[in-house]
Amino acid sequence: MDQTNKTERNIYQTVLRILLGAFLTFAGTGHLTWHRTEFLAQVPTWLPMNADLVVVLSGVVEIVLGLSLILLRKKQIMVGWVVALFFILIFPGNISQYVNGISAFGLDTDAARLTRLFFQPILIFWAIWSCGSLQDWKQKRSQK
């Protein structure tokens, strides 16, 4: 890959990493304030914890992850994997919302809730690509 393509990719990755960080920081703030009730709808009923505590804790984690995406440039490969893991860990909440037919965030039909499930893999890929985690993994794998 020539240097121009690599530089362009780095610019796109940086912009998308910062955008994802801003999104997570905003969403985390919503957990703690104006969207708290909406996020309660996503906490699976089988989870053996207080639902409001789950919303608050996940909001704090989202804020920390969002700020880490934006500020921890030297740790971005690790941050990408952690954010991807977070998206995997919260996926059962999205499934629960779909399975139980719970309306929140304007997702008031089964079709809308189902469609949302397909965005989780996109978020996972976004995290590992924009942080260079995927490229780092491929490079280390090819060196073996």
# chains A, B, ... in the order shown; residues from 1 in each chain; ligands from 1
call {"tool": "select_by_dssp", "arguments": {"residues": "region 72-143 of chain A", "states": "alpha helix (DSSP H)", "output": "PyMOL selection string"}}
result
chain A and resi 76-99+110-117+119-130+133-142
call {"tool": "residues_around", "arguments": {"residues": "Lys74 (chain A)", "least_positions_apart": "5", "cutoff": "12 Å", "atoms": "only C-alpha atoms", "output": "short mmCIF file (atom, residue, chain, number, x, y, z; two decimals) with C-alpha atoms, in the first residue's frame"}}
result
data_model
loop_
_atom_site.label_atom_id
_atom_site.label_comp_id
_atom_site.auth_asym_id
_atom_site.auth_seq_id
_atom_site.Cartn_x
_atom_site.Cartn_y
_atom_site.Cartn_z
CA SER A 68 -10.75 6.86 25.77
CA LEU A 69 -11.48 6.63 22.04
CA VAL A 79 -9.25 0.59 23.42
CA GLY A 80 -10.69 -0.69 20.14
CA CYS A 131 -8.70 2.07 16.29
CA GLY A 132 -6.38 0.04 14.09
#
call {"tool": "atom_distance", "arguments": {"atom1": "CA of Arg17 (chain A)", "atom2": "CA of Val64 (chain A)"}}
result
14.1 Å
call {"tool": "residues_around", "arguments": {"residues": "Pro121 (chain A)", "least_positions_apart": "3", "cutoff": "10 Å", "atoms": "only C-alpha atoms", "output": "list in words"}}
result
Ala84, Phe87, Ile88, Phe91, Leu117, Phe118, Ile124, Phe125, Trp126 and Ala127 of chain A
call {"tool": "write_last_selection", "arguments": {"atoms": "all heavy atoms", "output": "short mmCIF file (atom, residue, chain, number, x, y, z; two decimals), in the first residue's frame"}}
result
data_model
loop_
_atom_site.label_atom_id
_atom_site.label_comp_id
_atom_site.auth_asym_id
_atom_site.auth_seq_id
_atom_site.Cartn_x
_atom_site.Cartn_y
_atom_site.Cartn_z
N ALA A 84 -15.13 -2.93 21.43
CA ALA A 84 -15.79 -4.03 20.72
C ALA A 84 -16.38 -5.03 21.72
O ALA A 84 -17.52 -5.49 21.56
CB ALA A 84 -14.82 -4.71 19.77
N PHE A 87 -19.53 -3.67 23.21
CA PHE A 87 -20.67 -3.80 22.30
C PHE A 87 -21.19 -5.24 22.28
O PHE A 87 -22.40 -5.45 22.14
CB PHE A 87 -20.29 -3.36 20.88
CG PHE A 87 -20.16 -1.87 20.72
CD1 PHE A 87 -19.16 -1.34 19.92
CD2 PHE A 87 -21.02 -0.99 21.35
CE1 PHE A 87 -19.03 0.03 19.75
CE2 PHE A 87 -20.91 0.38 21.19
CZ PHE A 87 -19.91 0.90 20.39
N ILE A 88 -20.32 -6.20 22.44
CA ILE A 88 -20.75 -7.60 22.51
C ILE A 88 -21.50 -7.84 23.82
O ILE A 88 -22.56 -8.49 23.84
CB ILE A 88 -19.54 -8.55 22.39
CG1 ILE A 88 -18.97 -8.47 20.97
CG2 ILE A 88 -19.93 -9.98 22.75
CD1 ILE A 88 -17.61 -9.12 20.80
N PHE A 91 -25.09 -6.49 23.85
CA PHE A 91 -25.97 -7.03 22.82
C PHE A 91 -27.17 -7.80 23.39
O PHE A 91 -28.28 -7.69 22.85
CB PHE A 91 -25.18 -7.89 21.83
CG PHE A 91 -25.94 -8.25 20.60
CD1 PHE A 91 -26.52 -7.27 19.80
CD2 PHE A 91 -26.07 -9.58 20.22
CE1 PHE A 91 -27.22 -7.61 18.65
CE2 PHE A 91 -26.76 -9.93 19.08
CZ PHE A 91 -27.34 -8.94 18.29
N LEU A 117 -30.81 -4.87 15.62
CA LEU A 117 -29.87 -5.94 15.98
C LEU A 117 -28.74 -6.06 14.96
O LEU A 117 -27.62 -6.42 15.32
CB LEU A 117 -30.61 -7.27 16.10
CG LEU A 117 -31.65 -7.38 17.20
CD1 LEU A 117 -32.31 -8.76 17.17
CD2 LEU A 117 -31.04 -7.10 18.57
N PHE A 118 -29.03 -5.75 13.71
CA PHE A 118 -28.02 -5.89 12.66
C PHE A 118 -26.98 -4.76 12.70
O PHE A 118 -25.97 -4.84 12.01
CB PHE A 118 -28.67 -5.97 11.28
CG PHE A 118 -29.45 -7.25 11.11
CD1 PHE A 118 -30.82 -7.27 11.27
CD2 PHE A 118 -28.79 -8.43 10.81
CE1 PHE A 118 -31.53 -8.44 11.13
CE2 PHE A 118 -29.48 -9.61 10.66
CZ PHE A 118 -30.87 -9.62 10.83
N ILE A 124 -19.27 -3.06 16.29
CA ILE A 124 -18.10 -3.84 16.69
C ILE A 124 -16.98 -3.64 15.67
O ILE A 124 -15.84 -3.36 16.03
CB ILE A 124 -18.48 -5.33 16.85
CG1 ILE A 124 -19.43 -5.50 18.03
CG2 ILE A 124 -17.23 -6.20 17.00
CD1 ILE A 124 -20.16 -6.84 18.07
N PHE A 125 -17.33 -3.78 14.40
CA PHE A 125 -16.33 -3.60 13.34
C PHE A 125 -15.80 -2.17 13.34
O PHE A 125 -14.60 -1.94 13.18
CB PHE A 125 -16.92 -3.96 11.98
CG PHE A 125 -15.94 -3.78 10.85
CD1 PHE A 125 -14.94 -4.72 10.65
CD2 PHE A 125 -15.98 -2.65 10.06
CE1 PHE A 125 -14.00 -4.54 9.64
CE2 PHE A 125 -15.05 -2.46 9.04
CZ PHE A 125 -14.06 -3.41 8.83
N TRP A 126 -16.69 -1.19 13.53
CA TRP A 126 -16.30 0.22 13.57
C TRP A 126 -15.24 0.43 14.64
O TRP A 126 -14.23 1.11 14.40
CB TRP A 126 -17.54 1.06 13.83
CG TRP A 126 -17.40 2.54 13.83
CD1 TRP A 126 -16.26 3.29 13.74
CD2 TRP A 126 -18.47 3.48 13.93
NE1 TRP A 126 -16.56 4.63 13.80
CE2 TRP A 126 -17.90 4.78 13.92
CE3 TRP A 126 -19.84 3.36 14.07
CZ2 TRP A 126 -18.67 5.94 14.01
CZ3 TRP A 126 -20.60 4.52 14.16
CH2 TRP A 126 -20.03 5.79 14.12
N ALA A 127 -15.45 -0.13 15.81
CA ALA A 127 -14.50 0.05 16.91
C ALA A 127 -13.14 -0.54 16.57
O ALA A 127 -12.11 0.13 16.74
CB ALA A 127 -15.05 -0.59 18.19
#
call {"tool": "residues_around", "arguments": {"residues": "region 26-36 of chain A", "least_positions_apart": "2", "cutoff": "9 Å", "atoms": "only C-alpha atoms", "output": "PDB file with N, CA, C and O atoms, in the first residue's frame"}}
result
ATOM      1  N   GLY A  21     -16.261   7.851  19.544  1.00  0.00           N
ATOM      2  CA  GLY A  21     -16.038   8.315  20.911  1.00  0.00           C
ATOM      3  C   GLY A  21     -17.054   9.353  21.341  1.00  0.00           C
ATOM      4  O   GLY A  21     -17.578   9.302  22.466  1.00  0.00           O
ATOM      5  N   ALA A  22     -17.356  10.281  20.447  1.00  0.00           N
ATOM      6  CA  ALA A  22     -18.359  11.308  20.761  1.00  0.00           C
ATOM      7  C   ALA A  22     -19.738  10.670  20.937  1.00  0.00           C
ATOM      8  O   ALA A  22     -20.495  11.032  21.854  1.00  0.00           O
ATOM      9  N   PHE A  23     -20.061   9.714  20.074  1.00  0.00           N
ATOM     10  CA  PHE A  23     -21.338   9.003  20.161  1.00  0.00           C
ATOM     11  C   PHE A  23     -21.463   8.287  21.504  1.00  0.00           C
ATOM     12  O   PHE A  23     -22.492   8.373  22.181  1.00  0.00           O
ATOM     13  N   LEU A  24     -20.409   7.571  21.899  1.00  0.00           N
ATOM     14  CA  LEU A  24     -20.456   6.846  23.173  1.00  0.00           C
ATOM     15  C   LEU A  24     -20.541   7.803  24.365  1.00  0.00           C
ATOM     16  O   LEU A  24     -21.269   7.534  25.323  1.00  0.00           O
ATOM     17  N   GLU A  38     -35.501   5.280  28.821  1.00  0.00           N
ATOM     18  CA  GLU A  38     -35.377   4.543  27.561  1.00  0.00           C
ATOM     19  C   GLU A  38     -34.348   3.413  27.700  1.00  0.00           C
ATOM     20  O   GLU A  38     -34.561   2.299  27.219  1.00  0.00           O
ATOM     21  N   PHE A  39     -33.239   3.688  28.363  1.00  0.00           N
ATOM     22  CA  PHE A  39     -32.220   2.660  28.535  1.00  0.00           C
ATOM     23  C   PHE A  39     -32.671   1.554  29.477  1.00  0.00           C
ATOM     24  O   PHE A  39     -32.241   0.404  29.348  1.00  0.00           O
ATOM     25  N   LEU A  40     -33.554   1.870  30.413  1.00  0.00           N
ATOM     26  CA  LEU A  40     -34.101   0.840  31.297  1.00  0.00           C
ATOM     27  C   LEU A  40     -34.813  -0.246  30.501  1.00  0.00           C
ATOM     28  O   LEU A  40     -34.819  -1.414  30.888  1.00  0.00           O
ATOM     29  N   ASP A  52     -31.818  -0.051  37.211  1.00  0.00           N
ATOM     30  CA  ASP A  52     -31.345   1.327  37.202  1.00  0.00           C
ATOM     31  C   ASP A  52     -29.833   1.384  37.435  1.00  0.00           C
ATOM     32  O   ASP A  52     -29.130   2.184  36.816  1.00  0.00           O
ATOM     33  N   VAL A  55     -28.117   0.596  34.209  1.00  0.00           N
ATOM     34  CA  VAL A  55     -28.146   1.744  33.299  1.00  0.00           C
ATOM     35  C   VAL A  55     -27.091   2.772  33.709  1.00  0.00           C
ATOM     36  O   VAL A  55     -26.342   3.272  32.862  1.00  0.00           O
ATOM     37  N   VAL A  56     -27.000   3.061  34.981  1.00  0.00           N
ATOM     38  CA  VAL A  56     -26.021   4.040  35.459  1.00  0.00           C
ATOM     39  C   VAL A  56     -24.591   3.542  35.208  1.00  0.00           C
ATOM     40  O   VAL A  56     -23.753   4.278  34.666  1.00  0.00           O
ATOM     41  N   LEU A  57     -24.317   2.309  35.583  1.00  0.00           N
ATOM     42  CA  LEU A  57     -22.964   1.775  35.408  1.00  0.00           C
ATOM     43  C   LEU A  57     -22.578   1.685  33.934  1.00  0.00           C
ATOM     44  O   LEU A  57     -21.454   2.030  33.557  1.00  0.00           O
ATOM     45  N   SER A  58     -23.513   1.242  33.093  1.00  0.00           N
ATOM     46  CA  SER A  58     -23.187   1.163  31.668  1.00  0.00           C
ATOM     47  C   SER A  58     -23.004   2.559  31.074  1.00  0.00           C
ATOM     48  O   SER A  58     -22.189   2.752  30.173  1.00  0.00           O
ATOM     49  N   GLY A  59     -23.716   3.535  31.620  1.00  0.00           N
ATOM     50  CA  GLY A  59     -23.524   4.914  31.173  1.00  0.00           C
ATOM     51  C   GLY A  59     -22.141   5.432  31.526  1.00  0.00           C
ATOM     52  O   GLY A  59     -21.469   6.056  30.706  1.00  0.00           O
ATOM     53  N   VAL A  60     -21.703   5.143  32.739  1.00  0.00           N
ATOM     54  CA  VAL A  60     -20.358   5.555  33.154  1.00  0.00           C
ATOM     55  C   VAL A  60     -19.314   4.872  32.271  1.00  0.00           C
ATOM     56  O   VAL A  60     -18.363   5.508  31.807  1.00  0.00           O
ATOM     57  N   VAL A  61     -19.506   3.576  32.010  1.00  0.00           N
ATOM     58  CA  VAL A  61     -18.567   2.842  31.154  1.00  0.00           C
ATOM     59  C   VAL A  61     -18.554   3.449  29.754  1.00  0.00           C
ATOM     60  O   VAL A  61     -17.486   3.630  29.153  1.00  0.00           O
ATOM     61  N   GLU A  62     -19.718   3.780  29.222  1.00  0.00           N
ATOM     62  CA  GLU A  62     -19.770   4.385  27.885  1.00  0.00           C
ATOM     63  C   GLU A  62     -19.033   5.715  27.836  1.00  0.00           C
ATOM     64  O   GLU A  62     -18.339   6.003  26.861  1.00  0.00           O
ATOM     65  N   ILE A  63     -19.190   6.522  28.862  1.00  0.00           N
ATOM     66  CA  ILE A  63     -18.486   7.808  28.899  1.00  0.00           C
ATOM     67  C   ILE A  63     -16.976   7.579  28.940  1.00  0.00           C
ATOM     68  O   ILE A  63     -16.222   8.211  28.188  1.00  0.00           O
ATOM     69  N   VAL A  64     -16.527   6.672  29.789  1.00  0.00           N
ATOM     70  CA  VAL A  64     -15.089   6.368  29.889  1.00  0.00           C
ATOM     71  C   VAL A  64     -14.562   5.834  28.554  1.00  0.00           C
ATOM     72  O   VAL A  64     -13.504   6.259  28.074  1.00  0.00           O
ATOM     73  N   GLY A  66     -15.901   6.280  25.561  1.00  0.00           N
ATOM     74  CA  GLY A  66     -15.967   7.350  24.563  1.00  0.00           C
ATOM     75  C   GLY A  66     -14.791   8.303  24.687  1.00  0.00           C
ATOM     76  O   GLY A  66     -14.142   8.648  23.692  1.00  0.00           O
ATOM     77  N   PHE A 105     -36.610   4.325  22.315  1.00  0.00           N
ATOM     78  CA  PHE A 105     -35.813   5.009  21.294  1.00  0.00           C
ATOM     79  C   PHE A 105     -36.503   5.021  19.930  1.00  0.00           C
ATOM     80  O   PHE A 105     -35.854   4.936  18.895  1.00  0.00           O
TER      81      PHE A 105
END
call {"tool": "closest_residue", "arguments": {"among": "A:Gly106, A:Gln120, A:Thr115, A:Leu67", "to": "Phe86 (chain A)", "atoms": "only C-alpha atoms"}}
result
A:Gln120
call {"tool": "closest_residue", "arguments": {"among": "A:Leu71, A:Val15, A:Val54, A:Leu20", "to": "Gly93 (chain A)", "atoms": "only C-alpha atoms"}}
result
A:Val54
call {"tool": "decode", "arguments": {"residues": "region 13-56 of chain A", "atoms": "N, CA and C atoms", "output": "PDB file, in the first residue's frame"}}
result
ATOM      1  N   GLN A  13      -9.885   6.681   9.614  1.00  0.00           N
ATOM      2  CA  GLN A  13      -9.937   5.960  10.881  1.00  0.00           C
ATOM      3  C   GLN A  13      -9.995   6.931  12.056  1.00  0.00           C
ATOM      4  N   THR A  14      -9.185   7.949  12.016  1.00  0.00           N
ATOM      5  CA  THR A  14      -9.167   8.926  13.108  1.00  0.00           C
ATOM      6  C   THR A  14     -10.504   9.633  13.236  1.00  0.00           C
ATOM      7  N   VAL A  15     -11.047  10.077  12.123  1.00  0.00           N
ATOM      8  CA  VAL A  15     -12.348  10.768  12.157  1.00  0.00           C
ATOM      9  C   VAL A  15     -13.428   9.834  12.691  1.00  0.00           C
ATOM     10  N   LEU A  16     -13.458   8.598  12.211  1.00  0.00           N
ATOM     11  CA  LEU A  16     -14.481   7.656  12.661  1.00  0.00           C
ATOM     12  C   LEU A  16     -14.281   7.232  14.109  1.00  0.00           C
ATOM     13  N   ARG A  17     -13.027   7.139  14.549  1.00  0.00           N
ATOM     14  CA  ARG A  17     -12.751   6.817  15.957  1.00  0.00           C
ATOM     15  C   ARG A  17     -13.258   7.934  16.865  1.00  0.00           C
ATOM     16  N   ILE A  18     -12.975   9.175  16.495  1.00  0.00           N
ATOM     17  CA  ILE A  18     -13.429  10.315  17.296  1.00  0.00           C
ATOM     18  C   ILE A  18     -14.950  10.423  17.261  1.00  0.00           C
ATOM     19  N   LEU A  19     -15.536  10.172  16.116  1.00  0.00           N
ATOM     20  CA  LEU A  19     -17.003  10.190  15.998  1.00  0.00           C
ATOM     21  C   LEU A  19     -17.629   9.119  16.894  1.00  0.00           C
ATOM     22  N   LEU A  20     -17.071   7.919  16.886  1.00  0.00           N
ATOM     23  CA  LEU A  20     -17.575   6.856  17.758  1.00  0.00           C
ATOM     24  C   LEU A  20     -17.392   7.242  19.220  1.00  0.00           C
ATOM     25  N   GLY A  21     -16.261   7.851  19.544  1.00  0.00           N
ATOM     26  CA  GLY A  21     -16.038   8.315  20.911  1.00  0.00           C
ATOM     27  C   GLY A  21     -17.054   9.353  21.341  1.00  0.00           C
ATOM     28  N   ALA A  22     -17.356  10.281  20.447  1.00  0.00           N
ATOM     29  CA  ALA A  22     -18.359  11.308  20.761  1.00  0.00           C
ATOM     30  C   ALA A  22     -19.738  10.670  20.937  1.00  0.00           C
ATOM     31  N   PHE A  23     -20.061   9.714  20.074  1.00  0.00           N
ATOM     32  CA  PHE A  23     -21.338   9.003  20.161  1.00  0.00           C
ATOM     33  C   PHE A  23     -21.463   8.287  21.504  1.00  0.00           C
ATOM     34  N   LEU A  24     -20.409   7.571  21.899  1.00  0.00           N
ATOM     35  CA  LEU A  24     -20.456   6.846  23.173  1.00  0.00           C
ATOM     36  C   LEU A  24     -20.541   7.803  24.365  1.00  0.00           C
ATOM     37  N   THR A  25     -19.799   8.885  24.311  1.00  0.00           N
ATOM     38  CA  THR A  25     -19.846   9.868  25.399  1.00  0.00           C
ATOM     39  C   THR A  25     -21.242  10.470  25.513  1.00  0.00           C
ATOM     40  N   PHE A  26     -21.838  10.797  24.372  1.00  0.00           N
ATOM     41  CA  PHE A  26     -23.197  11.344  24.350  1.00  0.00           C
ATOM     42  C   PHE A  26     -24.199  10.321  24.875  1.00  0.00           C
ATOM     43  N   ALA A  27     -24.098   9.081  24.399  1.00  0.00           N
ATOM     44  CA  ALA A  27     -25.023   8.033  24.840  1.00  0.00           C
ATOM     45  C   ALA A  27     -24.855   7.766  26.333  1.00  0.00           C
ATOM     46  N   GLY A  28     -23.619   7.738  26.801  1.00  0.00           N
ATOM     47  CA  GLY A  28     -23.375   7.520  28.223  1.00  0.00           C
ATOM     48  C   GLY A  28     -23.976   8.618  29.083  1.00  0.00           C
ATOM     49  N   THR A  29     -23.874   9.835  28.606  1.00  0.00           N
ATOM     50  CA  THR A  29     -24.489  10.958  29.316  1.00  0.00           C
ATOM     51  C   THR A  29     -26.005  10.792  29.334  1.00  0.00           C
ATOM     52  N   GLY A  30     -26.564  10.306  28.246  1.00  0.00           N
ATOM     53  CA  GLY A  30     -28.003  10.029  28.179  1.00  0.00           C
ATOM     54  C   GLY A  30     -28.426   8.979  29.189  1.00  0.00           C
ATOM     55  N   HIS A  31     -27.558   7.992  29.430  1.00  0.00           N
ATOM     56  CA  HIS A  31     -27.856   6.967  30.439  1.00  0.00           C
ATOM     57  C   HIS A  31     -28.087   7.610  31.810  1.00  0.00           C
ATOM     58  N   LEU A  32     -27.310   8.637  32.082  1.00  0.00           N
ATOM     59  CA  LEU A  32     -27.337   9.252  33.408  1.00  0.00           C
ATOM     60  C   LEU A  32     -28.369  10.360  33.534  1.00  0.00           C
ATOM     61  N   THR A  33     -28.931  10.786  32.414  1.00  0.00           N
ATOM     62  CA  THR A  33     -29.836  11.949  32.452  1.00  0.00           C
ATOM     63  C   THR A  33     -31.112  11.706  31.637  1.00  0.00           C
ATOM     64  N   TRP A  34     -31.237  12.342  30.506  1.00  0.00           N
ATOM     65  CA  TRP A  34     -32.492  12.445  29.767  1.00  0.00           C
ATOM     66  C   TRP A  34     -33.013  11.143  29.149  1.00  0.00           C
ATOM     67  N   HIS A  35     -32.188  10.147  28.907  1.00  0.00           N
ATOM     68  CA  HIS A  35     -32.658   8.899  28.291  1.00  0.00           C
ATOM     69  C   HIS A  35     -32.655   7.717  29.258  1.00  0.00           C
ATOM     70  N   ARG A  36     -32.596   8.010  30.528  1.00  0.00           N
ATOM     71  CA  ARG A  36     -32.475   6.938  31.522  1.00  0.00           C
ATOM     72  C   ARG A  36     -33.620   5.928  31.421  1.00  0.00           C
ATOM     73  N   THR A  37     -34.832   6.398  31.288  1.00  0.00           N
ATOM     74  CA  THR A  37     -35.996   5.509  31.180  1.00  0.00           C
ATOM     75  C   THR A  37     -35.925   4.669  29.912  1.00  0.00           C
ATOM     76  N   GLU A  38     -35.501   5.280  28.821  1.00  0.00           N
ATOM     77  CA  GLU A  38     -35.377   4.543  27.561  1.00  0.00           C
ATOM     78  C   GLU A  38     -34.348   3.413  27.700  1.00  0.00           C
ATOM     79  N   PHE A  39     -33.239   3.688  28.363  1.00  0.00           N
ATOM     80  CA  PHE A  39     -32.220   2.660  28.535  1.00  0.00           C
ATOM     81  C   PHE A  39     -32.671   1.554  29.477  1.00  0.00           C
ATOM     82  N   LEU A  40     -33.554   1.870  30.413  1.00  0.00           N
ATOM     83  CA  LEU A  40     -34.101   0.840  31.297  1.00  0.00           C
ATOM     84  C   LEU A  40     -34.813  -0.246  30.501  1.00  0.00           C
ATOM     85  N   ALA A  41     -35.407   0.144  29.369  1.00  0.00           N
ATOM     86  CA  ALA A  41     -36.127  -0.814  28.530  1.00  0.00           C
ATOM     87  C   ALA A  41     -35.204  -1.859  27.933  1.00  0.00           C
ATOM     88  N   GLN A  42     -33.922  -1.606  27.898  1.00  0.00           N
ATOM     89  CA  GLN A  42     -32.980  -2.530  27.283  1.00  0.00           C
ATOM     90  C   GLN A  42     -32.316  -3.472  28.284  1.00  0.00           C
ATOM     91  N   VAL A  43     -32.539  -3.263  29.556  1.00  0.00           N
ATOM     92  CA  VAL A  43     -31.924  -4.136  30.558  1.00  0.00           C
ATOM     93  C   VAL A  43     -32.724  -5.437  30.598  1.00  0.00           C
ATOM     94  N   PRO A  44     -32.067  -6.560  30.301  1.00  0.00           N
ATOM     95  CA  PRO A  44     -32.784  -7.847  30.308  1.00  0.00           C
ATOM     96  C   PRO A  44     -33.374  -8.140  31.694  1.00  0.00           C
ATOM     97  N   THR A  45     -34.585  -8.666  31.705  1.00  0.00           N
ATOM     98  CA  THR A  45     -35.255  -8.956  32.976  1.00  0.00           C
ATOM     99  C   THR A  45     -34.561 -10.081  33.737  1.00  0.00           C
ATOM    100  N   TRP A  46     -33.810 -10.931  33.047  1.00  0.00           N
ATOM    101  CA  TRP A  46     -33.126 -12.056  33.694  1.00  0.00           C
ATOM    102  C   TRP A  46     -31.834 -11.635  34.387  1.00  0.00           C
ATOM    103  N   LEU A  47     -31.397 -10.398  34.171  1.00  0.00           N
ATOM    104  CA  LEU A  47     -30.157  -9.937  34.776  1.00  0.00           C
ATOM    105  C   LEU A  47     -30.359  -9.772  36.283  1.00  0.00           C
ATOM    106  N   PRO A  48     -29.536 -10.431  37.106  1.00  0.00           N
ATOM    107  CA  PRO A  48     -29.753 -10.403  38.555  1.00  0.00           C
ATOM    108  C   PRO A  48     -29.205  -9.146  39.232  1.00  0.00           C
ATOM    109  N   MET A  49     -29.492  -7.998  38.653  1.00  0.00           N
ATOM    110  CA  MET A  49     -29.045  -6.726  39.234  1.00  0.00           C
ATOM    111  C   MET A  49     -30.177  -5.714  39.106  1.00  0.00           C
ATOM    112  N   ASN A  50     -30.114  -4.691  39.910  1.00  0.00           N
ATOM    113  CA  ASN A  50     -31.063  -3.594  39.805  1.00  0.00           C
ATOM    114  C   ASN A  50     -30.904  -2.933  38.439  1.00  0.00           C
ATOM    115  N   ALA A  51     -31.995  -2.833  37.687  1.00  0.00           N
ATOM    116  CA  ALA A  51     -31.948  -2.318  36.315  1.00  0.00           C
ATOM    117  C   ALA A  51     -31.421  -0.888  36.264  1.00  0.00           C
ATOM    118  N   ASP A  52     -31.818  -0.051  37.211  1.00  0.00           N
ATOM    119  CA  ASP A  52     -31.345   1.327  37.202  1.00  0.00           C
ATOM    120  C   ASP A  52     -29.833   1.384  37.435  1.00  0.00           C
ATOM    121  N   LEU A  53     -29.331   0.514  38.298  1.00  0.00           N
ATOM    122  CA  LEU A  53     -27.888   0.456  38.539  1.00  0.00           C
ATOM    123  C   LEU A  53     -27.156   0.033  37.261  1.00  0.00           C
ATOM    124  N   VAL A  54     -27.719  -0.908  36.529  1.00  0.00           N
ATOM    125  CA  VAL A  54     -27.122  -1.346  35.265  1.00  0.00           C
ATOM    126  C   VAL A  54     -27.048  -0.182  34.289  1.00  0.00           C
ATOM    127  N   VAL A  55     -28.117   0.596  34.209  1.00  0.00           N
ATOM    128  CA  VAL A  55     -28.146   1.744  33.299  1.00  0.00           C
ATOM    129  C   VAL A  55     -27.091   2.772  33.709  1.00  0.00           C
ATOM    130  N   VAL A  56     -27.000   3.061  34.981  1.00  0.00           N
ATOM    131  CA  VAL A  56     -26.021   4.040  35.459  1.00  0.00           C
ATOM    132  C   VAL A  56     -24.591   3.542  35.208  1.00  0.00           C
TER     133      VAL A  56
END
